[in-house]
Amino acid sequence: MRAVPSDDVLLERMFRNVGEYFARCAQSSPGGRSVELDGVRAAVMPAIPWASIVNCVTYTGAAALHARIGELDALYREAGVHAWSVWTHESDDRARTLLANARFVLDSDPMSMVLELDSAVERPAELEWTREPDPAELANVVERSYGFPPGMFAAGFPELPEGVHCYLAGHEGRPAGVLMASDVEDDGGIFLVGTVPEARGRGISTGLMRVALADAAERGCRTSTLQASRMGYPVYRRLGYRDLGRAELWERRP
């Protein structure tokens with residue numbers, strides 16, 4: 001029996017995956033880039049200047065974040081990005097206090113979750129899905145699923161991000177569900193799970209999750225991590241994910 005990592009190790013793994021996923025997205029976005037500053041990592045995407053969810057920062061310790069806040073602010077300003085954010089965890093009181101004092105506002109607090117991939121995951125038999133979606137169709141489903149302004153995601157990602165596994169599901173012949181996955185070492189991170197409003201309640205997100213988890217296990221992943229919205233949380237619990245406390249996204253806007 002293999003040893004189960006501690007929750008602290010699992011959280012560190014999750015945040016590393018968050019940083020890597022958004023870095024890969026930034027490197028595939030027009031004019032985008034990933035910047036590393038001694039323990040701090042920033043994804044910079046000027047093609048979507050008001051989207052703080054993608055113009056985001058992860059860090060290895062509150063001291064590193066404290067040392068770089070001014071430099072990060074200048075970096076985003078020079079890139080023409082108007083809203084950016086920092087990922088932290090509810091247990092990191094030092095970072096939370098720092099961000100609040102620096103006039104960041106708590107934007108959301110999804111639940112950090114982990115699943116141990118210690119057994120095979122069965123793919124759904126009847127789901128319509130593809131691993132090679134059309135970028136425009138994928139962008140449209142993301143925008144409609146999350147209520148983003150039309151064209152916002154498409155402007156940031158006219159092509160699929162390199163190094164990211166993208167899935168699109170259909171319902172009655174139309175694109176209806178989306179999921180992205182990104183691996184860091186043996187952790188399969190799950191991102192941007194969504195279903196268009198008229199197709200919800202039909203198990204599309206659950207089906208895509210099963211596909212993505214089966215693929216992750218085949219790639220050698222031993223865990224899967226994600227950040228669950230309140231809408232998605234019941235889906236992930238049914239799949240066997242467990243809680244690691246709330247992640248927090250602190251946003252800075254002009």
# chains A, B, ... in the order shown; residues from 1 in each chain; ligands from 1

call {"tool": "closest_atom_pairs", "arguments": {"of": "range 12-101 of chain A", "to": "range 105-110 of chain A", "cutoff": "10 Å", "atoms": "only C-alpha atoms", "output": "Markdown table"}}
result
| residue | atom | partner | partner_atom | distance |
| --- | --- | --- | --- | --- |
| A:Ser52 | CA | A:Asp107 | CA | 9.4 |
| A:Ile53 | CA | A:Asp107 | CA | 9.4 |
| A:Ser85 | CA | A:Asp107 | CA | 8.7 |
| A:Val86 | CA | A:Leu106 | CA | 9.6 |
| A:Trp87 | CA | A:Asp109 | CA | 9.6 |
| A:Thr88 | CA | A:Asp109 | CA | 9.4 |
| A:His89 | CA | A:Asp109 | CA | 8.7 |
| A:Glu90 | CA | A:Asp109 | CA | 8.4 |
| A:Arg96 | CA | A:Leu106 | CA | 9.1 |
| A:Leu99 | CA | A:Val105 | CA | 7.8 |
| A:Ala100 | CA | A:Val105 | CA | 6.6 |
| A:Asn101 | CA | A:Val105 | CA | 9.6 |

call {"tool": "residues_around", "arguments": {"residues": "Gly220 in chain A", "least_positions_apart": "5", "cutoff": "9 Å", "atoms": "only C-alpha atoms", "output": "ChimeraX atom specification"}}
result
/A:185-187,215

call {"tool": "write_last_selection", "arguments": {"atoms": "N, CA and C atoms", "output": "PDB file, in the first residue's frame"}}
result
ATOM      1  N   GLU A 185       3.580  16.768 -12.402  1.00  0.00           N
ATOM      2  CA  GLU A 185       4.098  15.510 -11.870  1.00  0.00           C
ATOM      3  C   GLU A 185       2.972  14.475 -11.868  1.00  0.00           C
ATOM      4  N   ASP A 186       2.587  13.958 -10.702  1.00  0.00           N
ATOM      5  CA  ASP A 186       1.560  12.899 -10.715  1.00  0.00           C
ATOM      6  C   ASP A 186       0.223  13.401 -10.185  1.00  0.00           C
ATOM      7  N   ASP A 187      -0.031  14.711 -10.308  1.00  0.00           N
ATOM      8  CA  ASP A 187      -1.330  15.268  -9.938  1.00  0.00           C
ATOM      9  C   ASP A 187      -2.060  15.755 -11.174  1.00  0.00           C
ATOM     10  N   ASP A 215      -8.491   9.242 -18.041  1.00  0.00           N
ATOM     11  CA  ASP A 215      -7.313   9.617 -18.818  1.00  0.00           C
ATOM     12  C   ASP A 215      -6.136   9.963 -17.901  1.00  0.00           C
TER      13      ASP A 215
END

call {"tool": "closest_residue", "arguments": {"among": "A:Leu192, A:Met111, A:Ala120, A:Ala247", "to": "Val142 in chain A", "atoms": "only C-alpha atoms"}}
result
A:Leu192

call {"tool": "closest_residue", "arguments": {"among": "A:Ala74, A:Ala26, A:Ala47, A:Val114", "to": "Gly156 in chain A", "atoms": "only C-alpha atoms"}}
result
A:Ala47

call {"tool": "closest_atom_pairs", "arguments": {"of": "range 19-101 of chain A", "to": "range 163-177 of chain A", "cutoff": "8 Å", "atoms": "only C-alpha atoms", "output": "Markdown table"}}
result
| residue | atom | partner | partner_atom | distance |
| --- | --- | --- | --- | --- |
| A:Tyr21 | CA | A:Val164 | CA | 7.3 |
| A:Arg24 | CA | A:Gly163 | CA | 6.6 |
| A:Cys25 | CA | A:Val164 | CA | 7.9 |

call {"tool": "closest_atom_pairs", "arguments": {"of": "range 126-233 of chain A", "to": "range 248-253 of chain A", "cutoff": "12 Å", "atoms": "only C-alpha atoms", "output": "Markdown table"}}
result
| residue | atom | partner | partner_atom | distance |
| --- | --- | --- | --- | --- |
| A:Gln227 | CA | A:Glu248 | CA | 9.5 |
| A:Ala228 | CA | A:Glu248 | CA | 11.2 |
| A:Ser229 | CA | A:Glu248 | CA | 11.3 |

call {"tool": "residues_around", "arguments": {"residues": "Arg219 in chain A", "least_positions_apart": "5", "cutoff": "12 Å", "atoms": "only C-alpha atoms", "output": "PyMOL selection string"}}
result
chain A and resi 117+165+181-188+212-214+224

call {"tool": "write_last_selection", "arguments": {"atoms": "N, CA and C atoms", "output": "CSV table (one decimal), in the first residue's frame"}}
result
chain,number,residue,atom,x,y,z
A,117,LEU,N,-6.3,8.7,-6.9
A,117,LEU,CA,-6.6,7.8,-8.1
A,117,LEU,C,-6.0,6.4,-7.9
A,165,HIS,N,-5.1,19.5,-21.4
A,165,HIS,CA,-6.1,18.6,-22.0
A,165,HIS,C,-7.5,19.2,-22.0
A,181,ALA,N,-8.0,19.9,-18.2
A,181,ALA,CA,-7.1,19.2,-17.2
A,181,ALA,C,-5.7,19.5,-17.5
A,182,SER,N,-4.9,19.6,-16.4
A,182,SER,CA,-3.5,19.9,-16.5
A,182,SER,C,-2.7,19.1,-15.5
A,183,ASP,N,-1.6,18.5,-15.9
A,183,ASP,CA,-0.9,17.6,-15.0
A,183,ASP,C,0.4,18.3,-14.5
A,184,VAL,N,0.7,18.2,-13.2
A,184,VAL,CA,2.0,18.5,-12.7
A,184,VAL,C,2.5,17.3,-11.9
A,185,GLU,N,3.6,16.8,-12.4
A,185,GLU,CA,4.1,15.5,-11.9
A,185,GLU,C,3.0,14.5,-11.9
A,186,ASP,N,2.6,14.0,-10.7
A,186,ASP,CA,1.6,12.9,-10.7
A,186,ASP,C,0.2,13.4,-10.2
A,187,ASP,N,0.0,14.7,-10.3
A,187,ASP,CA,-1.3,15.3,-9.9
A,187,ASP,C,-2.1,15.8,-11.2
A,188,GLY,N,-3.3,15.3,-11.3
A,188,GLY,CA,-4.1,15.7,-12.5
A,188,GLY,C,-5.1,16.8,-12.0
A,212,ALA,N,-12.1,12.5,-17.9
A,212,ALA,CA,-10.8,13.1,-17.6
A,212,ALA,C,-10.0,12.4,-16.5
A,213,LEU,N,-10.7,11.8,-15.5
A,213,LEU,CA,-10.1,11.1,-14.5
A,213,LEU,C,-9.5,9.8,-15.0
A,214,ALA,N,-10.2,9.1,-15.9
A,214,ALA,CA,-9.7,7.9,-16.5
A,214,ALA,C,-8.5,8.1,-17.3
A,224,SER,N,-5.9,13.7,-8.0
A,224,SER,CA,-6.5,14.8,-8.8
A,224,SER,C,-7.0,15.9,-7.8

call {"tool": "select_by_dssp", "arguments": {"residues": "range 60-103 of chain A", "states": "alpha helix (DSSP H)", "output": "ChimeraX atom specification"}}
result
/A:62-79,93-101

call {"tool": "write_last_selection", "arguments": {"atoms": "N, CA and C atoms", "output": "PDB file, in the first residue's frame"}}
result
ATOM      1  N   ALA A  62       4.143  33.345   2.289  1.00  0.00           N
ATOM      2  CA  ALA A  62       3.649  34.709   2.446  1.00  0.00           C
ATOM      3  C   ALA A  62       4.768  35.736   2.390  1.00  0.00           C
ATOM      4  N   ALA A  63       5.961  35.377   2.877  1.00  0.00           N
ATOM      5  CA  ALA A  63       7.080  36.323   2.840  1.00  0.00           C
ATOM      6  C   ALA A  63       7.457  36.661   1.397  1.00  0.00           C
ATOM      7  N   ALA A  64       7.469  35.658   0.529  1.00  0.00           N
ATOM      8  CA  ALA A  64       7.780  35.904  -0.877  1.00  0.00           C
ATOM      9  C   ALA A  64       6.721  36.787  -1.514  1.00  0.00           C
ATOM     10  N   LEU A  65       5.457  36.534  -1.187  1.00  0.00           N
ATOM     11  CA  LEU A  65       4.375  37.356  -1.725  1.00  0.00           C
ATOM     12  C   LEU A  65       4.508  38.795  -1.241  1.00  0.00           C
ATOM     13  N   HIS A  66       4.786  38.977   0.045  1.00  0.00           N
ATOM     14  CA  HIS A  66       4.930  40.320   0.611  1.00  0.00           C
ATOM     15  C   HIS A  66       6.031  41.096  -0.102  1.00  0.00           C
ATOM     16  N   ALA A  67       7.121  40.421  -0.402  1.00  0.00           N
ATOM     17  CA  ALA A  67       8.262  41.088  -1.022  1.00  0.00           C
ATOM     18  C   ALA A  67       7.984  41.504  -2.459  1.00  0.00           C
ATOM     19  N   ARG A  68       6.986  40.919  -3.089  1.00  0.00           N
ATOM     20  CA  ARG A  68       6.790  41.129  -4.532  1.00  0.00           C
ATOM     21  C   ARG A  68       5.497  41.838  -4.896  1.00  0.00           C
ATOM     22  N   ILE A  69       4.664  42.223  -3.934  1.00  0.00           N
ATOM     23  CA  ILE A  69       3.368  42.817  -4.257  1.00  0.00           C
ATOM     24  C   ILE A  69       3.524  44.054  -5.147  1.00  0.00           C
ATOM     25  N   GLY A  70       4.417  44.970  -4.785  1.00  0.00           N
ATOM     26  CA  GLY A  70       4.607  46.174  -5.592  1.00  0.00           C
ATOM     27  C   GLY A  70       5.102  45.859  -6.985  1.00  0.00           C
ATOM     28  N   GLU A  71       6.021  44.916  -7.085  1.00  0.00           N
ATOM     29  CA  GLU A  71       6.554  44.521  -8.389  1.00  0.00           C
ATOM     30  C   GLU A  71       5.479  43.865  -9.253  1.00  0.00           C
ATOM     31  N   LEU A  72       4.633  43.068  -8.624  1.00  0.00           N
ATOM     32  CA  LEU A  72       3.540  42.442  -9.365  1.00  0.00           C
ATOM     33  C   LEU A  72       2.555  43.481  -9.883  1.00  0.00           C
ATOM     34  N   ASP A  73       2.232  44.450  -9.040  1.00  0.00           N
ATOM     35  CA  ASP A  73       1.307  45.496  -9.459  1.00  0.00           C
ATOM     36  C   ASP A  73       1.865  46.243 -10.669  1.00  0.00           C
ATOM     37  N   ALA A  74       3.152  46.570 -10.637  1.00  0.00           N
ATOM     38  CA  ALA A  74       3.783  47.257 -11.766  1.00  0.00           C
ATOM     39  C   ALA A  74       3.794  46.381 -13.009  1.00  0.00           C
ATOM     40  N   LEU A  75       4.045  45.086 -12.820  1.00  0.00           N
ATOM     41  CA  LEU A  75       4.071  44.152 -13.943  1.00  0.00           C
ATOM     42  C   LEU A  75       2.733  44.136 -14.672  1.00  0.00           C
ATOM     43  N   TYR A  76       1.637  44.032 -13.918  1.00  0.00           N
ATOM     44  CA  TYR A  76       0.320  43.985 -14.555  1.00  0.00           C
ATOM     45  C   TYR A  76      -0.049  45.335 -15.171  1.00  0.00           C
ATOM     46  N   ARG A  77       0.296  46.420 -14.514  1.00  0.00           N
ATOM     47  CA  ARG A  77       0.000  47.740 -15.075  1.00  0.00           C
ATOM     48  C   ARG A  77       0.720  47.933 -16.412  1.00  0.00           C
ATOM     49  N   GLU A  78       1.980  47.573 -16.456  1.00  0.00           N
ATOM     50  CA  GLU A  78       2.758  47.733 -17.685  1.00  0.00           C
ATOM     51  C   GLU A  78       2.229  46.852 -18.806  1.00  0.00           C
ATOM     52  N   ALA A  79       1.635  45.723 -18.444  1.00  0.00           N
ATOM     53  CA  ALA A  79       1.069  44.820 -19.457  1.00  0.00           C
ATOM     54  C   ALA A  79      -0.307  45.268 -19.922  1.00  0.00           C
ATOM     55  N   ASP A  93      -3.147  32.909   7.301  1.00  0.00           N
ATOM     56  CA  ASP A  93      -3.590  34.186   7.862  1.00  0.00           C
ATOM     57  C   ASP A  93      -2.657  35.330   7.485  1.00  0.00           C
ATOM     58  N   ARG A  94      -1.363  35.050   7.418  1.00  0.00           N
ATOM     59  CA  ARG A  94      -0.414  36.120   7.084  1.00  0.00           C
ATOM     60  C   ARG A  94      -0.676  36.671   5.694  1.00  0.00           C
ATOM     61  N   ALA A  95      -0.861  35.770   4.719  1.00  0.00           N
ATOM     62  CA  ALA A  95      -1.113  36.224   3.349  1.00  0.00           C
ATOM     63  C   ALA A  95      -2.463  36.924   3.243  1.00  0.00           C
ATOM     64  N   ARG A  96      -3.458  36.414   3.933  1.00  0.00           N
ATOM     65  CA  ARG A  96      -4.799  37.017   3.883  1.00  0.00           C
ATOM     66  C   ARG A  96      -4.774  38.436   4.452  1.00  0.00           C
ATOM     67  N   THR A  97      -4.056  38.625   5.567  1.00  0.00           N
ATOM     68  CA  THR A  97      -3.943  39.956   6.153  1.00  0.00           C
ATOM     69  C   THR A  97      -3.182  40.893   5.230  1.00  0.00           C
ATOM     70  N   LEU A  98      -2.109  40.393   4.641  1.00  0.00           N
ATOM     71  CA  LEU A  98      -1.329  41.190   3.690  1.00  0.00           C
ATOM     72  C   LEU A  98      -2.198  41.667   2.539  1.00  0.00           C
ATOM     73  N   LEU A  99      -2.979  40.784   1.976  1.00  0.00           N
ATOM     74  CA  LEU A  99      -3.796  41.123   0.819  1.00  0.00           C
ATOM     75  C   LEU A  99      -4.901  42.107   1.190  1.00  0.00           C
ATOM     76  N   ALA A 100      -5.526  41.888   2.337  1.00  0.00           N
ATOM     77  CA  ALA A 100      -6.564  42.819   2.774  1.00  0.00           C
ATOM     78  C   ALA A 100      -5.979  44.212   3.005  1.00  0.00           C
ATOM     79  N   ASN A 101      -4.808  44.286   3.622  1.00  0.00           N
ATOM     80  CA  ASN A 101      -4.170  45.582   3.870  1.00  0.00           C
ATOM     81  C   ASN A 101      -3.716  46.258   2.592  1.00  0.00           C
TER      82      ASN A 101
END

call {"tool": "closest_residue", "arguments": {"among": "A:Met113, A:Met152, A:Ala83, A:Val57", "to": "Arg13 in chain A", "atoms": "only C-alpha atoms"}}
result
A:Met113

call {"tool": "atom_distance", "arguments": {"atom1": "CA of Pro254 in chain A", "atom2": "CA of Met45 in chain A"}}
result
16.9 Å

call {"tool": "atom_distance", "arguments": {"atom1": "CA of Leu11 in chain A", "atom2": "CA of Ile190 in chain A"}}
result
14.1 Å

call {"tool": "select_by_dssp", "arguments": {"residues": "range 40-75 of chain A", "states": "strand (DSSP E or B)", "output": "list of chain:residue names"}}
result
A:Val40, A:Arg41, A:Ala42, A:Ala43, A:Val44, A:Cys56, A:Val57, A:Thr58, A:Tyr59

call {"tool": "residues_around", "arguments": {"residues": "Val35 in chain A", "least_positions_apart": "4", "cutoff": "9 Å", "atoms": "only C-alpha atoms", "output": "MDAnalysis selection string"}}
result
chainID A and resid 23 40:44

call {"tool": "write_last_selection", "arguments": {"atoms": "C-alpha atoms", "output": "CSV table (one decimal), in the first residue's frame"}}
result
chain,number,residue,atom,x,y,z
A,23,ALA,CA,1.0,29.7,-16.8
A,40,VAL,CA,6.0,34.0,-6.8
A,41,ARG,CA,4.4,33.0,-10.2
A,42,ALA,CA,2.3,35.3,-12.2
A,43,ALA,CA,0.1,34.5,-15.3
A,44,VAL,CA,-0.2,37.7,-17.4

call {"tool": "decode", "arguments": {"residues": "range 84-229 of chain A", "atoms": "C-alpha atoms", "output": "PDB file, in the first residue's frame"}}
result
ATOM      1  CA  TRP A  84      -5.522  40.655 -11.250  1.00  0.00           C
ATOM      2  CA  SER A  85      -5.732  38.288  -8.316  1.00  0.00           C
ATOM      3  CA  VAL A  86      -3.812  36.143  -5.847  1.00  0.00           C
ATOM      4  CA  TRP A  87      -4.656  32.559  -4.899  1.00  0.00           C
ATOM      5  CA  THR A  88      -4.276  31.682  -1.222  1.00  0.00           C
ATOM      6  CA  HIS A  89      -5.785  29.342   1.374  1.00  0.00           C
ATOM      7  CA  GLU A  90      -8.004  30.110   4.322  1.00  0.00           C
ATOM      8  CA  SER A  91      -5.307  28.800   6.681  1.00  0.00           C
ATOM      9  CA  ASP A  92      -2.684  31.338   5.525  1.00  0.00           C
ATOM     10  CA  ASP A  93      -3.590  34.186   7.862  1.00  0.00           C
ATOM     11  CA  ARG A  94      -0.414  36.120   7.084  1.00  0.00           C
ATOM     12  CA  ALA A  95      -1.113  36.224   3.349  1.00  0.00           C
ATOM     13  CA  ARG A  96      -4.799  37.017   3.883  1.00  0.00           C
ATOM     14  CA  THR A  97      -3.943  39.956   6.153  1.00  0.00           C
ATOM     15  CA  LEU A  98      -1.329  41.190   3.690  1.00  0.00           C
ATOM     16  CA  LEU A  99      -3.796  41.123   0.819  1.00  0.00           C
ATOM     17  CA  ALA A 100      -6.564  42.819   2.774  1.00  0.00           C
ATOM     18  CA  ASN A 101      -4.170  45.582   3.870  1.00  0.00           C
ATOM     19  CA  ALA A 102      -3.041  46.008   0.257  1.00  0.00           C
ATOM     20  CA  ARG A 103      -6.673  46.686  -0.723  1.00  0.00           C
ATOM     21  CA  PHE A 104      -7.372  43.375  -2.352  1.00  0.00           C
ATOM     22  CA  VAL A 105     -10.972  42.169  -2.056  1.00  0.00           C
ATOM     23  CA  LEU A 106     -11.987  38.545  -1.518  1.00  0.00           C
ATOM     24  CA  ASP A 107     -13.644  37.577  -4.805  1.00  0.00           C
ATOM     25  CA  SER A 108     -14.458  33.903  -4.209  1.00  0.00           C
ATOM     26  CA  ASP A 109     -13.654  30.996  -1.894  1.00  0.00           C
ATOM     27  CA  PRO A 110     -14.002  27.670  -3.715  1.00  0.00           C
ATOM     28  CA  MET A 111     -13.387  24.463  -1.802  1.00  0.00           C
ATOM     29  CA  SER A 112      -9.992  22.840  -2.329  1.00  0.00           C
ATOM     30  CA  MET A 113     -10.559  19.145  -3.022  1.00  0.00           C
ATOM     31  CA  VAL A 114      -8.502  16.033  -3.712  1.00  0.00           C
ATOM     32  CA  LEU A 115      -9.199  12.561  -5.061  1.00  0.00           C
ATOM     33  CA  GLU A 116      -6.772   9.655  -4.777  1.00  0.00           C
ATOM     34  CA  LEU A 117      -6.633   7.829  -8.094  1.00  0.00           C
ATOM     35  CA  ASP A 118      -6.007   4.404  -6.600  1.00  0.00           C
ATOM     36  CA  SER A 119      -8.494   2.516  -8.756  1.00  0.00           C
ATOM     37  CA  ALA A 120      -9.700   2.532 -12.330  1.00  0.00           C
ATOM     38  CA  VAL A 121     -12.316   5.108 -13.331  1.00  0.00           C
ATOM     39  CA  GLU A 122     -14.956   3.892 -15.766  1.00  0.00           C
ATOM     40  CA  ARG A 123     -15.730   6.145 -18.710  1.00  0.00           C
ATOM     41  CA  PRO A 124     -19.423   6.763 -19.410  1.00  0.00           C
ATOM     42  CA  ALA A 125     -20.763   4.729 -22.311  1.00  0.00           C
ATOM     43  CA  GLU A 126     -23.291   7.156 -23.790  1.00  0.00           C
ATOM     44  CA  LEU A 127     -21.676  10.592 -23.434  1.00  0.00           C
ATOM     45  CA  GLU A 128     -20.871  12.482 -26.650  1.00  0.00           C
ATOM     46  CA  TRP A 129     -17.391  13.951 -26.190  1.00  0.00           C
ATOM     47  CA  THR A 130     -14.087  14.787 -27.856  1.00  0.00           C
ATOM     48  CA  ARG A 131     -10.515  15.477 -26.761  1.00  0.00           C
ATOM     49  CA  GLU A 132      -9.965  17.670 -29.831  1.00  0.00           C
ATOM     50  CA  PRO A 133     -12.596  20.410 -29.639  1.00  0.00           C
ATOM     51  CA  ASP A 134     -12.850  23.356 -31.970  1.00  0.00           C
ATOM     52  CA  PRO A 135     -11.422  26.348 -30.037  1.00  0.00           C
ATOM     53  CA  ALA A 136     -14.362  28.588 -30.936  1.00  0.00           C
ATOM     54  CA  GLU A 137     -16.920  25.998 -29.814  1.00  0.00           C
ATOM     55  CA  LEU A 138     -15.045  25.409 -26.571  1.00  0.00           C
ATOM     56  CA  ALA A 139     -14.856  29.156 -25.902  1.00  0.00           C
ATOM     57  CA  ASN A 140     -18.570  29.559 -26.521  1.00  0.00           C
ATOM     58  CA  VAL A 141     -19.425  26.805 -24.027  1.00  0.00           C
ATOM     59  CA  VAL A 142     -17.087  28.300 -21.408  1.00  0.00           C
ATOM     60  CA  GLU A 143     -18.640  31.748 -21.821  1.00  0.00           C
ATOM     61  CA  ARG A 144     -22.204  30.489 -21.616  1.00  0.00           C
ATOM     62  CA  SER A 145     -21.483  28.113 -18.726  1.00  0.00           C
ATOM     63  CA  TYR A 146     -19.822  30.770 -16.585  1.00  0.00           C
ATOM     64  CA  GLY A 147     -21.774  33.820 -17.690  1.00  0.00           C
ATOM     65  CA  PHE A 148     -18.726  35.515 -19.182  1.00  0.00           C
ATOM     66  CA  PRO A 149     -19.318  38.317 -21.709  1.00  0.00           C
ATOM     67  CA  PRO A 150     -19.634  36.935 -25.262  1.00  0.00           C
ATOM     68  CA  GLY A 151     -16.252  36.828 -26.955  1.00  0.00           C
ATOM     69  CA  MET A 152     -14.201  37.270 -23.761  1.00  0.00           C
ATOM     70  CA  PHE A 153     -12.781  33.771 -23.521  1.00  0.00           C
ATOM     71  CA  ALA A 154     -12.422  33.527 -27.292  1.00  0.00           C
ATOM     72  CA  ALA A 155     -10.299  36.709 -27.300  1.00  0.00           C
ATOM     73  CA  GLY A 156      -7.986  35.249 -24.691  1.00  0.00           C
ATOM     74  CA  PHE A 157      -7.756  31.810 -26.253  1.00  0.00           C
ATOM     75  CA  PRO A 158      -8.201  31.778 -30.030  1.00  0.00           C
ATOM     76  CA  GLU A 159      -6.278  28.490 -29.914  1.00  0.00           C
ATOM     77  CA  LEU A 160      -6.336  25.742 -27.308  1.00  0.00           C
ATOM     78  CA  PRO A 161      -3.693  26.148 -24.572  1.00  0.00           C
ATOM     79  CA  GLU A 162      -0.641  23.974 -25.136  1.00  0.00           C
ATOM     80  CA  GLY A 163      -0.010  21.351 -22.465  1.00  0.00           C
ATOM     81  CA  VAL A 164      -3.642  21.440 -21.331  1.00  0.00           C
ATOM     82  CA  HIS A 165      -6.055  18.568 -21.985  1.00  0.00           C
ATOM     83  CA  CYS A 166      -9.312  20.012 -23.314  1.00  0.00           C
ATOM     84  CA  TYR A 167     -12.633  18.164 -23.423  1.00  0.00           C
ATOM     85  CA  LEU A 168     -15.934  19.134 -25.009  1.00  0.00           C
ATOM     86  CA  ALA A 169     -19.201  17.230 -24.593  1.00  0.00           C
ATOM     87  CA  GLY A 170     -22.300  17.449 -26.736  1.00  0.00           C
ATOM     88  CA  HIS A 171     -26.012  17.251 -26.065  1.00  0.00           C
ATOM     89  CA  GLU A 172     -28.525  16.718 -28.856  1.00  0.00           C
ATOM     90  CA  GLY A 173     -25.834  17.428 -31.398  1.00  0.00           C
ATOM     91  CA  ARG A 174     -24.688  20.743 -29.912  1.00  0.00           C
ATOM     92  CA  PRO A 175     -21.640  21.587 -27.763  1.00  0.00           C
ATOM     93  CA  ALA A 176     -22.841  21.611 -24.164  1.00  0.00           C
ATOM     94  CA  GLY A 177     -20.106  20.791 -21.635  1.00  0.00           C
ATOM     95  CA  VAL A 178     -16.465  21.677 -21.105  1.00  0.00           C
ATOM     96  CA  LEU A 179     -13.544  20.589 -18.941  1.00  0.00           C
ATOM     97  CA  MET A 180      -9.815  21.269 -18.899  1.00  0.00           C
ATOM     98  CA  ALA A 181      -7.125  19.200 -17.197  1.00  0.00           C
ATOM     99  CA  SER A 182      -3.483  19.937 -16.487  1.00  0.00           C
ATOM    100  CA  ASP A 183      -0.872  17.611 -14.975  1.00  0.00           C
ATOM    101  CA  VAL A 184       1.979  18.544 -12.660  1.00  0.00           C
ATOM    102  CA  GLU A 185       4.098  15.510 -11.870  1.00  0.00           C
ATOM    103  CA  ASP A 186       1.560  12.899 -10.715  1.00  0.00           C
ATOM    104  CA  ASP A 187      -1.330  15.268  -9.938  1.00  0.00           C
ATOM    105  CA  GLY A 188      -4.109  15.741 -12.460  1.00  0.00           C
ATOM    106  CA  GLY A 189      -5.626  19.180 -11.941  1.00  0.00           C
ATOM    107  CA  ILE A 190      -9.196  19.782 -13.097  1.00  0.00           C
ATOM    108  CA  PHE A 191     -10.262  23.242 -14.289  1.00  0.00           C
ATOM    109  CA  LEU A 192     -13.148  25.095 -15.949  1.00  0.00           C
ATOM    110  CA  VAL A 193     -15.790  22.401 -15.630  1.00  0.00           C
ATOM    111  CA  GLY A 194     -19.044  23.776 -16.978  1.00  0.00           C
ATOM    112  CA  THR A 195     -22.316  23.008 -18.742  1.00  0.00           C
ATOM    113  CA  VAL A 196     -24.500  25.423 -20.702  1.00  0.00           C
ATOM    114  CA  PRO A 197     -27.719  26.290 -18.806  1.00  0.00           C
ATOM    115  CA  GLU A 198     -30.184  24.418 -21.014  1.00  0.00           C
ATOM    116  CA  ALA A 199     -28.234  21.132 -20.729  1.00  0.00           C
ATOM    117  CA  ARG A 200     -27.701  21.055 -16.958  1.00  0.00           C
ATOM    118  CA  GLY A 201     -29.020  18.230 -14.819  1.00  0.00           C
ATOM    119  CA  ARG A 202     -28.217  15.551 -17.388  1.00  0.00           C
ATOM    120  CA  GLY A 203     -24.941  14.291 -15.954  1.00  0.00           C
ATOM    121  CA  ILE A 204     -22.739  15.949 -18.573  1.00  0.00           C
ATOM    122  CA  SER A 205     -20.212  17.390 -16.114  1.00  0.00           C
ATOM    123  CA  THR A 206     -20.078  14.109 -14.201  1.00  0.00           C
ATOM    124  CA  GLY A 207     -19.503  12.217 -17.440  1.00  0.00           C
ATOM    125  CA  LEU A 208     -16.697  14.529 -18.535  1.00  0.00           C
ATOM    126  CA  MET A 209     -15.115  14.230 -15.099  1.00  0.00           C
ATOM    127  CA  ARG A 210     -15.086  10.451 -15.432  1.00  0.00           C
ATOM    128  CA  VAL A 211     -13.461  10.693 -18.852  1.00  0.00           C
ATOM    129  CA  ALA A 212     -10.807  13.129 -17.622  1.00  0.00           C
ATOM    130  CA  LEU A 213     -10.055  11.109 -14.489  1.00  0.00           C
ATOM    131  CA  ALA A 214      -9.726   7.865 -16.460  1.00  0.00           C
ATOM    132  CA  ASP A 215      -7.313   9.617 -18.818  1.00  0.00           C
ATOM    133  CA  ALA A 216      -5.349  11.104 -15.896  1.00  0.00           C
ATOM    134  CA  ALA A 217      -4.974   7.698 -14.283  1.00  0.00           C
ATOM    135  CA  GLU A 218      -3.725   6.274 -17.572  1.00  0.00           C
ATOM    136  CA  ARG A 219      -1.151   9.091 -17.774  1.00  0.00           C
ATOM    137  CA  GLY A 220       0.178   8.005 -14.386  1.00  0.00           C
ATOM    138  CA  CYS A 221      -1.508  10.558 -12.125  1.00  0.00           C
ATOM    139  CA  ARG A 222      -1.983   9.363  -8.550  1.00  0.00           C
ATOM    140  CA  THR A 223      -4.125  12.250  -7.327  1.00  0.00           C
ATOM    141  CA  SER A 224      -6.517  14.779  -8.804  1.00  0.00           C
ATOM    142  CA  THR A 225      -7.056  18.229  -7.308  1.00  0.00           C
ATOM    143  CA  LEU A 226      -9.526  21.013  -8.056  1.00  0.00           C
ATOM    144  CA  GLN A 227     -11.259  24.069  -6.633  1.00  0.00           C
ATOM    145  CA  ALA A 228     -15.004  23.517  -6.370  1.00  0.00           C
ATOM    146  CA  SER A 229     -17.676  26.157  -6.756  1.00  0.00           C
TER     147      SER A 229
END
